[in-house]
file upload26.cif (mmCIF, C-alpha atoms and all ligand atoms)
data_my_file
#
loop_
_atom_site.label_atom_id
_atom_site.label_comp_id
_atom_site.auth_asym_id
_atom_site.auth_seq_id
_atom_site.Cartn_x
_atom_site.Cartn_y
_atom_site.Cartn_z
CA MET A 29 41.38 28.93 -64.42
CA GLY A 30 40.23 27.00 -67.43
CA ARG A 31 41.37 27.83 -70.92
CA LYS A 32 37.83 28.51 -72.10
CA TYR A 33 37.25 31.17 -69.44
CA ARG A 34 40.42 33.09 -70.34
CA ASN A 35 39.43 33.27 -74.01
CA ARG A 36 36.08 34.76 -73.15
CA ARG A 37 37.67 37.56 -71.11
CA LEU A 38 40.01 38.37 -73.95
CA MET A 39 37.10 38.59 -76.37
CA ALA A 40 35.25 41.05 -74.13
CA VAL A 41 38.32 43.30 -73.80
CA ALA A 42 38.88 43.24 -77.56
CA SER A 43 35.30 44.18 -78.39
CA MET A 44 35.46 46.99 -75.83
CA LEU A 45 38.61 48.23 -77.51
CA VAL A 46 36.97 48.19 -80.92
CA MET A 47 34.08 50.19 -79.55
CA VAL A 48 36.38 52.76 -77.94
CA ILE A 49 38.45 53.14 -81.11
CA THR A 50 35.34 53.47 -83.24
CA PHE A 51 34.01 56.12 -80.88
CA PHE A 52 37.21 58.17 -81.02
CA TRP A 53 37.54 57.71 -84.76
CA TYR A 54 33.99 58.93 -85.18
CA GLN A 55 34.65 61.88 -82.89
CA SER A 56 37.65 62.95 -84.90
CA ALA A 57 35.75 62.47 -88.19
CA VAL A 58 33.11 65.14 -87.34
CA GLN A 59 35.54 67.56 -85.87
CA ALA A 60 35.09 69.99 -88.74
CA TYR A 61 32.36 71.69 -90.76
CA GLU A 62 32.54 72.26 -94.46
CA ILE A 63 31.20 75.58 -95.75
CA VAL A 64 29.51 74.93 -99.08
CA VAL A 65 28.52 77.87 -101.29
CA ASP A 66 26.26 76.98 -104.22
CA GLY A 67 27.31 73.36 -103.97
CA LYS A 68 31.01 74.16 -103.96
CA PRO A 69 33.08 73.50 -100.81
CA VAL A 70 35.04 76.65 -99.96
CA ALA A 71 36.67 76.03 -96.57
CA GLN A 72 36.43 74.17 -93.27
CA VAL A 73 35.66 75.66 -89.86
CA LYS A 74 35.78 74.13 -86.40
CA GLU A 75 32.50 75.36 -84.97
CA ARG A 76 29.18 75.48 -86.72
CA GLU A 77 27.47 77.92 -84.34
CA GLU A 78 30.44 80.24 -84.33
CA PHE A 79 30.34 80.46 -88.11
CA LEU A 80 26.61 81.07 -88.31
CA THR A 81 26.74 83.74 -85.60
CA ALA A 82 29.65 85.49 -87.29
CA LEU A 83 27.78 85.45 -90.59
CA GLU A 84 24.67 86.99 -89.02
CA GLU A 85 26.78 89.67 -87.31
CA TYR A 86 28.55 90.49 -90.53
CA LYS A 87 25.23 90.81 -92.42
CA GLU A 88 23.84 93.04 -89.69
CA GLN A 89 26.89 95.25 -89.80
CA LEU A 90 26.69 95.61 -93.61
CA SER A 91 23.01 96.22 -93.36
CA LYS A 92 23.58 99.07 -90.93
CA GLN A 93 26.25 100.56 -93.17
CA SER A 94 24.20 100.46 -96.37
CA GLY A 95 20.80 101.03 -94.90
CA TYR A 96 19.44 98.05 -96.82
CA PRO A 97 18.76 94.48 -95.75
CA VAL A 98 21.69 92.24 -96.63
CA LYS A 99 21.19 88.68 -97.85
CA GLU A 100 23.41 85.88 -99.07
CA ILE A 101 23.68 85.54 -102.82
CA GLY A 102 23.41 81.85 -103.55
CA LYS A 103 22.89 78.90 -101.18
CA ILE A 104 25.14 78.51 -98.12
CA GLU A 105 25.33 75.14 -96.36
CA VAL A 106 27.28 74.01 -93.31
CA ARG A 107 27.99 70.28 -93.55
CA GLU A 108 29.50 67.96 -90.97
CA SER A 109 32.78 66.74 -92.31
CA LYS A 110 35.98 64.89 -91.68
CA LEU A 111 38.73 67.23 -90.60
CA ASP A 112 41.16 68.23 -93.32
CA LYS A 113 43.84 70.29 -91.63
CA GLN A 114 44.96 71.81 -94.96
CA ARG A 115 41.54 73.28 -95.51
CA LEU A 116 40.73 74.29 -91.96
CA GLU A 117 40.37 78.03 -91.53
CA ASN A 118 40.62 79.42 -88.02
CA ASP A 119 39.68 82.96 -88.96
CA ILE A 120 35.95 82.66 -89.62
CA ASN A 121 35.58 86.25 -90.82
CA LYS A 122 38.13 85.55 -93.52
CA VAL A 123 35.94 82.70 -94.79
CA ILE A 124 32.90 84.96 -94.86
CA VAL A 125 34.62 87.85 -96.62
CA LYS A 126 36.35 85.61 -99.14
CA SER A 127 33.68 83.07 -100.01
CA VAL A 128 30.26 84.26 -99.04
CA LYS A 129 28.69 86.69 -101.47
CA LEU A 130 26.37 89.10 -99.79
CA GLY A 131 24.04 91.42 -101.59
CA THR A 132 21.33 93.97 -101.13
CA PRO A 133 18.15 94.24 -103.18
CA GLY A 134 18.75 96.23 -106.35
CA TYR A 135 18.42 96.19 -110.10
CA ARG A 136 20.93 95.11 -112.70
CA PHE A 137 21.16 97.08 -115.93
CA LYS A 138 21.65 94.52 -118.68
CA VAL A 139 22.44 95.17 -122.33
CA ASP A 140 22.11 92.26 -124.76
CA GLY A 141 22.11 89.90 -121.80
CA LYS A 142 25.27 91.32 -120.21
CA SER A 143 25.12 93.08 -116.88
CA LEU A 144 26.88 96.45 -116.94
CA PHE A 145 26.11 97.83 -113.48
CA ALA A 146 23.43 97.91 -110.83
CA VAL A 147 21.26 100.55 -109.24
CA ARG A 148 19.01 100.69 -106.22
CA ASP A 149 16.43 103.04 -107.67
CA LYS A 150 14.67 101.45 -110.63
CA GLU A 151 12.44 104.44 -111.30
CA LYS A 152 15.36 106.84 -111.43
CA MET A 153 17.10 104.53 -113.90
CA GLU A 154 14.01 104.34 -116.08
CA GLN A 155 13.69 108.09 -115.97
CA LEU A 156 17.31 108.50 -117.04
CA LEU A 157 16.73 106.19 -120.01
CA GLU A 158 13.56 108.04 -121.01
CA GLU A 159 15.46 111.31 -120.86
CA TYR A 160 18.19 109.87 -123.04
CA LYS A 161 15.71 108.60 -125.62
CA SER A 162 13.74 111.82 -125.69
CA GLN A 163 16.69 113.69 -127.22
CA TYR A 164 15.74 111.93 -130.47
CA LEU A 165 12.20 113.25 -130.38
CA THR A 166 13.15 116.88 -130.89
CA GLY A 167 12.50 118.22 -134.34
CA ILE A 168 9.63 115.81 -134.99
CA ASP A 169 6.33 117.35 -136.08
CA GLU A 170 4.22 117.87 -132.95
CA ASN A 171 1.17 116.52 -134.78
CA ALA A 172 2.91 113.21 -135.44
CA GLU A 173 1.94 110.19 -133.37
CA ILE A 174 5.01 108.68 -131.76
CA LYS A 175 4.37 104.94 -131.70
CA SER A 176 7.50 103.67 -130.00
CA THR A 177 10.81 104.87 -128.65
CA ASP A 178 13.06 101.88 -128.15
CA PHE A 179 16.67 100.97 -127.84
CA LYS A 180 18.05 98.98 -130.74
CA GLN A 181 20.00 96.94 -128.20
CA LYS A 182 18.11 94.70 -125.78
CA VAL A 183 18.01 96.72 -122.58
CA GLU A 184 16.72 95.21 -119.33
CA ILE A 185 16.42 96.38 -115.76
CA GLU A 186 16.35 93.19 -113.72
CA GLU A 187 15.60 92.81 -110.05
CA ALA A 188 18.46 91.06 -108.22
CA LEU A 189 20.55 90.85 -105.11
CA VAL A 190 23.52 92.97 -105.97
CA ARG A 191 26.93 93.41 -104.44
CA PRO A 192 27.81 96.92 -103.29
CA ALA A 193 30.66 97.03 -105.84
CA GLU A 194 28.19 96.60 -108.69
CA ILE A 195 26.28 99.72 -107.77
CA TRP A 196 27.38 102.74 -109.75
CA GLN A 197 27.04 106.42 -109.02
CA TRP A 198 24.56 108.28 -111.25
CA ASP A 199 27.27 110.46 -112.79
CA ARG A 200 29.14 107.40 -113.97
CA ILE A 201 25.93 105.82 -115.31
CA LYS A 202 25.05 108.97 -117.24
CA GLU A 203 28.51 109.07 -118.74
CA LEU A 204 28.16 105.50 -119.96
CA ILE A 205 24.65 105.94 -121.38
CA TYR A 206 25.58 109.08 -123.27
CA GLU A 207 28.87 107.63 -124.53
CA LYS A 208 29.61 108.04 -128.23
CA GLU A 209 31.35 105.39 -130.26
CA ARG A 210 32.24 107.97 -132.87
CA GLU A 211 32.14 111.74 -132.63
CA ALA A 212 30.19 113.76 -135.17
CA ARG A 213 32.02 115.08 -138.21
CA ILE A 214 31.78 118.84 -138.41
CA VAL A 215 32.94 120.95 -141.34
CA GLU A 216 33.33 124.67 -141.81
CA VAL A 217 31.47 126.40 -144.62
CA ASP A 218 33.82 127.83 -147.28
CA LYS A 219 33.38 130.88 -149.45
CA GLY A 220 30.96 130.10 -152.29
CA ASP A 221 29.59 127.05 -150.53
CA ASN A 222 25.93 126.32 -150.11
CA LEU A 223 24.05 123.46 -148.49
CA TRP A 224 23.58 121.69 -151.80
CA LEU A 225 27.27 121.72 -152.62
CA ILE A 226 28.16 120.51 -149.14
CA ALA A 227 25.56 117.72 -149.27
CA ARG A 228 26.93 116.62 -152.62
CA ARG A 229 30.53 116.75 -151.40
CA TYR A 230 29.74 114.43 -148.48
CA ASP A 231 27.51 112.19 -150.58
CA MET A 232 24.33 112.86 -148.68
CA GLY A 233 20.85 114.14 -149.40
CA LEU A 234 19.96 117.73 -148.71
CA ASP A 235 17.19 116.52 -146.38
CA GLU A 236 19.74 114.58 -144.36
CA LEU A 237 22.03 117.60 -144.08
CA GLU A 238 19.13 119.78 -142.99
CA MET A 239 18.07 117.23 -140.37
CA LEU A 240 21.58 117.06 -138.99
CA ASN A 241 21.60 120.84 -138.68
CA PRO A 242 18.10 121.75 -137.55
CA ASP A 243 19.06 125.26 -136.44
CA ILE A 244 20.53 126.27 -139.79
CA ASP A 245 18.45 128.22 -142.26
CA PRO A 246 19.33 126.70 -145.67
CA GLU A 247 19.06 130.13 -147.29
CA LYS A 248 21.45 131.71 -144.85
CA VAL A 249 24.65 129.75 -144.66
CA PHE A 250 27.79 131.85 -144.34
CA PRO A 251 31.50 131.08 -144.61
CA GLY A 252 32.81 130.06 -141.19
CA ASP A 253 29.54 128.45 -140.14
CA LYS A 254 29.92 124.94 -138.82
CA LEU A 255 27.84 122.08 -140.16
CA VAL A 256 27.46 118.49 -139.04
CA VAL A 257 28.00 116.22 -142.04
CA LYS A 258 28.15 112.92 -140.21
CA PRO A 259 26.19 112.33 -137.03
CA PHE A 260 27.83 110.95 -133.92
CA ASP A 261 27.41 107.25 -133.35
CA PRO A 262 25.98 106.66 -129.87
CA LYS A 263 26.66 103.59 -127.74
CA PHE A 264 22.91 103.16 -127.30
CA ASP A 265 20.96 103.44 -130.53
CA VAL A 266 17.41 104.71 -130.37
CA VAL A 267 14.73 103.67 -132.84
CA VAL A 268 11.70 105.94 -132.97
CA THR A 269 8.67 104.89 -134.98
CA LEU A 270 5.95 107.35 -135.77
CA GLU A 271 2.95 107.93 -137.93
CA ASN A 272 2.11 111.27 -139.44
CA THR A 273 -0.72 112.34 -141.66
CA ILE A 274 0.08 115.12 -144.08
CA SER A 275 -2.35 117.05 -146.20
CA GLU A 276 -1.05 116.98 -149.77
CA PRO A 277 -2.31 118.11 -153.15
CA VAL A 278 -3.29 115.48 -155.72
CA PRO A 279 -1.73 116.41 -159.04
CA PHE A 280 -4.20 116.51 -161.92
CA GLU A 281 -3.79 114.55 -165.12
CA THR A 282 -3.87 116.02 -168.61
CA GLU A 283 -5.88 114.56 -171.41
CA TYR A 284 -4.57 115.40 -174.84
CA ARG A 285 -7.02 115.40 -177.72
CA LYS A 286 -5.68 115.24 -181.26
CA ASP A 287 -6.93 118.01 -183.43
CA ASP A 288 -6.22 118.02 -187.20
CA SER A 289 -7.06 121.68 -187.47
CA LEU A 290 -4.12 122.65 -185.27
CA TYR A 291 -0.54 123.11 -186.35
CA ARG A 292 2.12 120.59 -185.51
CA ARG A 293 3.02 121.87 -182.06
CA GLN A 294 0.07 124.11 -181.37
CA LYS A 295 -2.00 123.39 -178.28
CA ILE A 296 -5.15 124.86 -176.80
CA VAL A 297 -6.24 124.33 -173.22
CA VAL A 298 -9.89 123.36 -173.34
CA LYS A 299 -10.32 122.94 -169.62
CA PRO A 300 -7.79 123.91 -166.95
CA GLY A 301 -6.81 121.27 -164.42
CA VAL A 302 -7.50 121.62 -160.72
CA GLU A 303 -5.42 119.86 -158.08
CA GLY A 304 -7.22 117.63 -155.61
CA LYS A 305 -6.63 117.21 -151.89
CA GLN A 306 -5.59 114.14 -149.96
CA ASN A 307 -4.45 113.06 -146.55
CA VAL A 308 -1.42 110.83 -146.77
CA THR A 309 -0.39 108.80 -143.73
CA TYR A 310 3.27 107.92 -143.47
CA ASP A 311 4.80 105.20 -141.35
CA ILE A 312 8.27 106.38 -140.44
CA ALA A 313 11.17 104.80 -138.60
CA MET A 314 14.12 106.87 -137.41
CA LEU A 315 17.45 105.71 -136.10
CA ASN A 316 19.21 108.12 -133.77
CA GLY A 317 17.16 111.01 -135.09
CA LEU A 318 17.61 110.31 -138.79
CA GLU A 319 15.06 108.86 -141.17
CA SER A 320 15.66 105.17 -141.87
CA THR A 321 12.38 104.14 -143.56
CA MET A 322 9.32 106.01 -144.73
CA ASN A 323 6.27 104.27 -146.20
CA VAL A 324 2.85 105.48 -147.21
CA VAL A 325 0.34 103.38 -145.27
CA ASN A 326 -2.85 105.18 -146.18
CA THR A 327 -4.09 107.72 -148.69
CA GLN A 328 -7.44 109.33 -148.24
CA VAL A 329 -8.53 111.48 -151.17
CA LEU A 330 -10.66 114.36 -149.92
CA GLU A 331 -11.12 116.11 -153.23
CA GLU A 332 -10.56 114.48 -156.59
CA PRO A 333 -8.42 116.45 -159.03
CA VAL A 334 -10.02 117.78 -162.20
CA THR A 335 -8.38 116.54 -165.40
CA ARG A 336 -7.01 119.19 -167.67
CA ILE A 337 -8.03 118.86 -171.31
CA VAL A 338 -5.76 120.08 -174.05
CA ARG A 339 -6.23 120.01 -177.81
CA VAL A 340 -2.99 119.31 -179.62
CA GLY A 341 -1.74 119.23 -183.18
CA THR A 342 -1.56 115.88 -184.96
CA LYS A 343 2.19 115.56 -184.69
CA GLN A 344 2.08 115.50 -180.92
CA THR A 345 2.59 112.04 -179.49
CA VAL A 346 -0.04 111.42 -176.93
CA SER A 347 0.77 108.34 -174.87
CA ARG A 348 2.56 105.17 -175.58
CA GLY A 349 3.21 102.01 -173.54
CA GLY A 350 2.19 103.37 -170.16
CA GLN A 351 4.20 106.51 -170.81
CA ARG A 352 2.63 109.87 -171.13
CA ASN A 353 3.99 112.70 -173.18
CA TYR A 354 4.40 115.75 -171.05
CA GLY A 355 5.98 117.63 -173.94
CA VAL A 356 9.28 118.06 -172.15
CA VAL A 357 9.58 114.35 -171.27
CA GLN A 358 7.94 110.95 -171.73
CA GLY A 359 7.11 110.11 -168.14
CA ARG A 360 5.20 107.70 -166.00
CA ARG A 361 3.41 110.16 -163.76
CA VAL A 362 3.73 113.40 -161.87
CA SER A 363 5.36 112.42 -158.60
CA SER A 364 5.18 115.85 -157.06
CA GLY A 365 3.22 118.90 -158.08
CA TYR A 366 3.95 122.59 -157.85
CA GLY A 367 3.32 124.41 -154.59
CA TRP A 368 3.49 123.92 -150.84
CA ARG A 369 4.30 120.57 -149.34
CA THR A 370 4.85 119.44 -145.78
CA HIS A 371 7.75 117.34 -144.61
CA PRO A 372 6.33 114.14 -143.04
CA ILE A 373 8.86 114.10 -140.19
CA THR A 374 9.51 117.69 -139.26
CA GLY A 375 6.11 119.00 -140.32
CA ARG A 376 7.92 121.97 -141.86
CA ARG A 377 6.38 123.43 -144.96
CA SER A 378 8.41 124.22 -148.01
CA PHE A 379 7.60 125.37 -151.50
CA HIS A 380 8.16 123.07 -154.48
CA ASP A 381 8.80 125.38 -157.37
CA GLY A 382 8.51 122.89 -160.18
CA LEU A 383 6.81 119.75 -161.37
CA ASP A 384 8.45 116.39 -160.75
CA ILE A 385 7.76 113.94 -163.55
CA ALA A 386 8.88 110.38 -162.81
CA ALA A 387 10.61 109.01 -165.88
CA ARG A 388 13.04 106.26 -166.81
CA TYR A 389 16.72 107.03 -166.33
CA GLY A 390 18.20 108.16 -169.63
CA THR A 391 14.86 109.14 -171.20
CA GLY A 392 15.22 112.26 -173.35
CA ALA A 393 14.43 115.71 -171.98
CA PHE A 394 13.10 118.17 -174.60
CA ALA A 395 13.01 121.93 -174.87
CA TYR A 396 9.64 123.34 -173.95
CA ALA A 397 9.79 125.95 -176.70
CA GLU A 398 12.46 127.58 -178.83
CA GLY A 399 14.96 129.66 -176.96
CA LYS A 400 18.52 130.19 -175.87
CA VAL A 401 20.43 128.12 -173.30
CA THR A 402 21.54 130.42 -170.46
CA PHE A 403 22.86 127.77 -168.07
CA ALA A 404 24.00 124.18 -168.55
CA GLY A 405 25.93 122.40 -165.82
CA TRP A 406 25.92 121.56 -162.13
CA GLY A 407 23.41 123.58 -160.13
CA GLY A 408 23.62 122.41 -156.52
CA GLY A 409 20.41 120.67 -155.42
CA TYR A 410 19.24 120.73 -159.04
CA GLY A 411 22.12 118.41 -159.97
CA ARG A 412 22.80 118.73 -163.71
CA VAL A 413 20.45 121.43 -164.91
CA ILE A 414 19.64 123.42 -168.04
CA TYR A 415 18.03 126.89 -168.14
CA ILE A 416 16.42 128.07 -171.39
CA ASP A 417 15.23 131.64 -171.99
CA HIS A 418 12.30 131.79 -174.37
CA GLY A 419 11.95 135.60 -174.54
CA ASN A 420 9.30 137.84 -172.98
CA GLY A 421 10.64 137.01 -169.50
CA LEU A 422 9.82 133.32 -169.81
CA GLN A 423 12.43 130.80 -168.64
CA THR A 424 12.24 127.01 -168.20
CA ARG A 425 14.53 124.77 -166.14
CA TYR A 426 15.24 121.03 -166.46
CA ALA A 427 16.84 119.53 -163.38
CA HIS A 428 18.40 116.26 -162.05
CA LEU A 429 19.60 115.34 -165.57
CA SER A 430 22.00 112.47 -166.14
CA LYS A 431 23.27 114.03 -169.36
CA ILE A 432 23.42 117.50 -170.92
CA ASN A 433 23.48 117.83 -174.73
CA VAL A 434 23.57 121.62 -175.05
CA ARG A 435 25.90 124.49 -174.24
CA VAL A 436 25.39 127.96 -172.83
CA GLY A 437 24.54 130.39 -175.64
CA GLU A 438 23.19 127.67 -177.93
CA ARG A 439 19.81 128.21 -179.59
CA VAL A 440 17.36 125.33 -179.32
CA ASP A 441 14.18 124.50 -181.15
CA THR A 442 10.84 123.50 -179.61
CA GLY A 443 10.94 119.79 -178.74
CA GLU A 444 14.67 119.52 -179.36
CA LYS A 445 16.41 116.91 -177.25
CA ILE A 446 18.58 118.83 -174.75
CA GLY A 447 19.58 116.10 -172.29
CA ALA A 448 18.59 112.93 -170.48
CA VAL A 449 16.62 112.26 -167.29
CA GLY A 450 18.61 111.27 -164.20
CA SER A 451 18.68 111.60 -160.45
CA THR A 452 21.52 114.05 -159.82
CA GLY A 453 21.49 116.61 -157.01
CA ASN A 454 18.85 116.48 -154.32
CA SER A 455 16.72 113.76 -155.81
CA THR A 456 15.35 110.47 -154.52
CA GLY A 457 14.74 108.77 -157.86
CA SER A 458 14.94 109.16 -161.58
CA HIS A 459 12.72 112.11 -162.52
CA LEU A 460 12.65 115.41 -164.37
CA HIS A 461 12.10 118.52 -162.30
CA PHE A 462 10.53 120.95 -164.75
CA GLU A 463 10.28 124.55 -163.69
CA VAL A 464 8.74 127.59 -165.32
CA ARG A 465 9.68 131.16 -164.39
CA GLN A 466 8.04 134.34 -165.57
CA ASN A 467 10.15 137.44 -164.94
CA GLY A 468 12.12 135.55 -162.31
CA SER A 469 9.26 134.09 -160.27
CA THR A 470 8.07 130.53 -160.50
CA ARG A 471 4.76 129.61 -162.10
CA ASN A 472 2.74 126.39 -162.04
CA PRO A 473 4.24 124.45 -164.95
CA TRP A 474 0.88 122.80 -165.63
CA ASN A 475 -0.37 126.02 -167.10
CA TYR A 476 2.39 125.86 -169.67
CA LEU A 477 2.50 122.21 -170.67
ZN ZN B 1 11.29 118.94 -158.05
#
call {"tool": "encode", "arguments": {"input": "upload26.cif", "output": "structure tokens"}}
result
Amino acid sequence: MGRKYRNRRLMAVASMLVMVITFFWYQSAVQAYEIVVDGKPVAQVKEREEFLTALEEYKEQLSKQSGYPVKEIGKIEVRESKLDKQRLENDINKVIVKSVKLGTPGYRFKVDGKSLFAVRDKEKMEQLLEEYKSQYLTGIDENAEIKSTDFKQKVEIEEALVRPAEIWQWDRIKELIYEKEREARIVEVDKGDNLWLIARRYDMGLDELEMLNPDIDPEKVFPGDKLVVKPFDPKFDVVVTLENTISEPVPFETEYRKDDSLYRRQKIVVKPGVEGKQNVTYDIAMLNGLESTMNVVNTQVLEEPVTRIVRVGTKQTVSRGGQRNYGVVQGRRVSSGYGWRTHPITGRRSFHDGLDIAARYGTGAFAYAEGKVTFAGWGGGYGRVIYIDHGNGLQTRYAHLSKINVRVGERVDTGEKIGAVGSTGNSTGSHLHFEVRQNGSTRNPWNYL
């Protein structure tokens, strides 16, 4: 045998060997399959088909149990891979249960982007939310147009594949929706209490107190009765916007004409005033059943008021710098007349027994005529108030004062300064509430000014 020939044989054996080794190396390299969930390797399995079959069986079984089709959440891949004994899992079901997320079609309830729970029945969930919101519609005037009923929080019901554990029972959902972050504060009525005193004690308006206690008759509050003075704070805040058109009187103006022939404080009504009529449309927003904003968006005058004309003595000041002399106060305008008015939210009618004259805080309040002070002090909703008896059953009242300059029993002269305008008691701004009573019953103050 020649040397050359031997070398050739050796070469052939070597290349065969390389081929065999490569083949076996390759075989061992694909002896595993990597399970990849959403791009993340979770475990290795030996058989691809075995895994896929087990997964299908598991889905079918869950599907039967729940009665809904079961699908994988996320993307599941089975990739050929080099065996890594550390990561090889022989129990395929364990891989499925541990790493593969399965879900059924449902809806996630999300608040401000965060998922709280899931439901299967979207309509039932929507109905539950509507029911919850509707509790804040009670007590609103039935003629009002409800424009929106929304959650303050961003609430979404989003279609998704959900895991059985995410799905809550309705009882539990209801409990969460109706949860209160703070309970209401309830107080018991004491002897000698009235709504005005209670409202003042808890630093709230009378309107607010009445809205918090819709079943209470303000005239009939007895010791032992329980009143809500601070509403509960719900987990889910509801904002209701509405529009309501209220028929309101238009107060008439008074024109004073100087007359030299009259005495200093003498006045003669030449022409009586007549109130007009108007429809006022309010845009109202309420948070959890309480007024948060109220704006007038439209005023439609149906009947113009008729100006009252009065002849006055020369010493009477008529008007000065946008202010008008109403005798008892220098004011800007009459903000509310005498008589019936309707609450823009509740639609309830109540009687306003005086004249509200908007005036600067601290402006003097003057006695209507000479008389004797019969009350001077705090008078509930009136705030600081003065009563003056003028004889012949005539009494005048000056309410919401910031300051009182007179004492009970004191005699006052016509036009004497008795106090200063304020906003005490049940008042929404600086004004004088001027009231006239004849033998105990109220009269339209316009007929006396
Ligand atoms: Zn008033």
call {"tool": "atom_distance", "arguments": {"input": "upload26.cif", "atom1": "CA of Thr273 (chain A)", "atom2": "CA of Arg377 (chain A)"}}
result
13.6 Å
call {"tool": "closest_residue", "arguments": {"input": "upload26.cif", "among": "A:Glu194, A:Asp311, A:Glu207, A:Asp235", "to": "Phe260 (chain A)", "atoms": "only C-alpha atoms"}}
result
A:Glu207
call {"tool": "atom_distance", "arguments": {"input": "upload26.cif", "atom1": "CA of Tyr426 (chain A)", "atom2": "CA of Phe462 (chain A)"}}
result
5.0 Å
call {"tool": "closest_residue", "arguments": {"input": "upload26.cif", "among": "A:Gln93, A:Gln466, A:Thr402, A:Ser378", "to": "ligand ZN 1 (chain B)", "atoms": "all atoms listed in the file"}}
result
A:Ser378
call {"tool": "residues_near_ligand", "arguments": {"input": "upload26.cif", "ligand": "ligand ZN 1 (chain B)", "cutoff": "10 Å", "atoms": "only C-alpha atoms and all ligand atoms", "output": "ChimeraX atom specification"}}
result
/A:363-366,379-385,409-410,426-428,454-455,459-463
call {"tool": "closest_residue", "arguments": {"input": "upload26.cif", "among": "A:Phe264, A:Tyr389, A:Tyr396, A:Tyr206", "to": "Ser458 (chain A)", "atoms": "only C-alpha atoms"}}
result
A:Tyr389
call {"tool": "closest_atom_pairs", "arguments": {"input": "upload26.cif", "of": "region 149-195 of chain A", "to": "region 97-106 of chain A", "cutoff": "9 Å", "atoms": "only C-alpha atoms", "output": "JSON lines"}}
result
{"residue": "A:Leu189", "atom": "CA", "partner": "A:Ile101", "partner_atom": "CA", "distance": 6.6}
{"residue": "A:Val190", "atom": "CA", "partner": "A:Ile101", "partner_atom": "CA", "distance": 8.1}
{"residue": "A:Arg191", "atom": "CA", "partner": "A:Ile101", "partner_atom": "CA", "distance": 8.7}
call {"tool": "atom_distance", "arguments": {"input": "upload26.cif", "atom1": "CA of Gly355 (chain A)", "atom2": "CA of Leu477 (chain A)"}}
result
6.6 Å
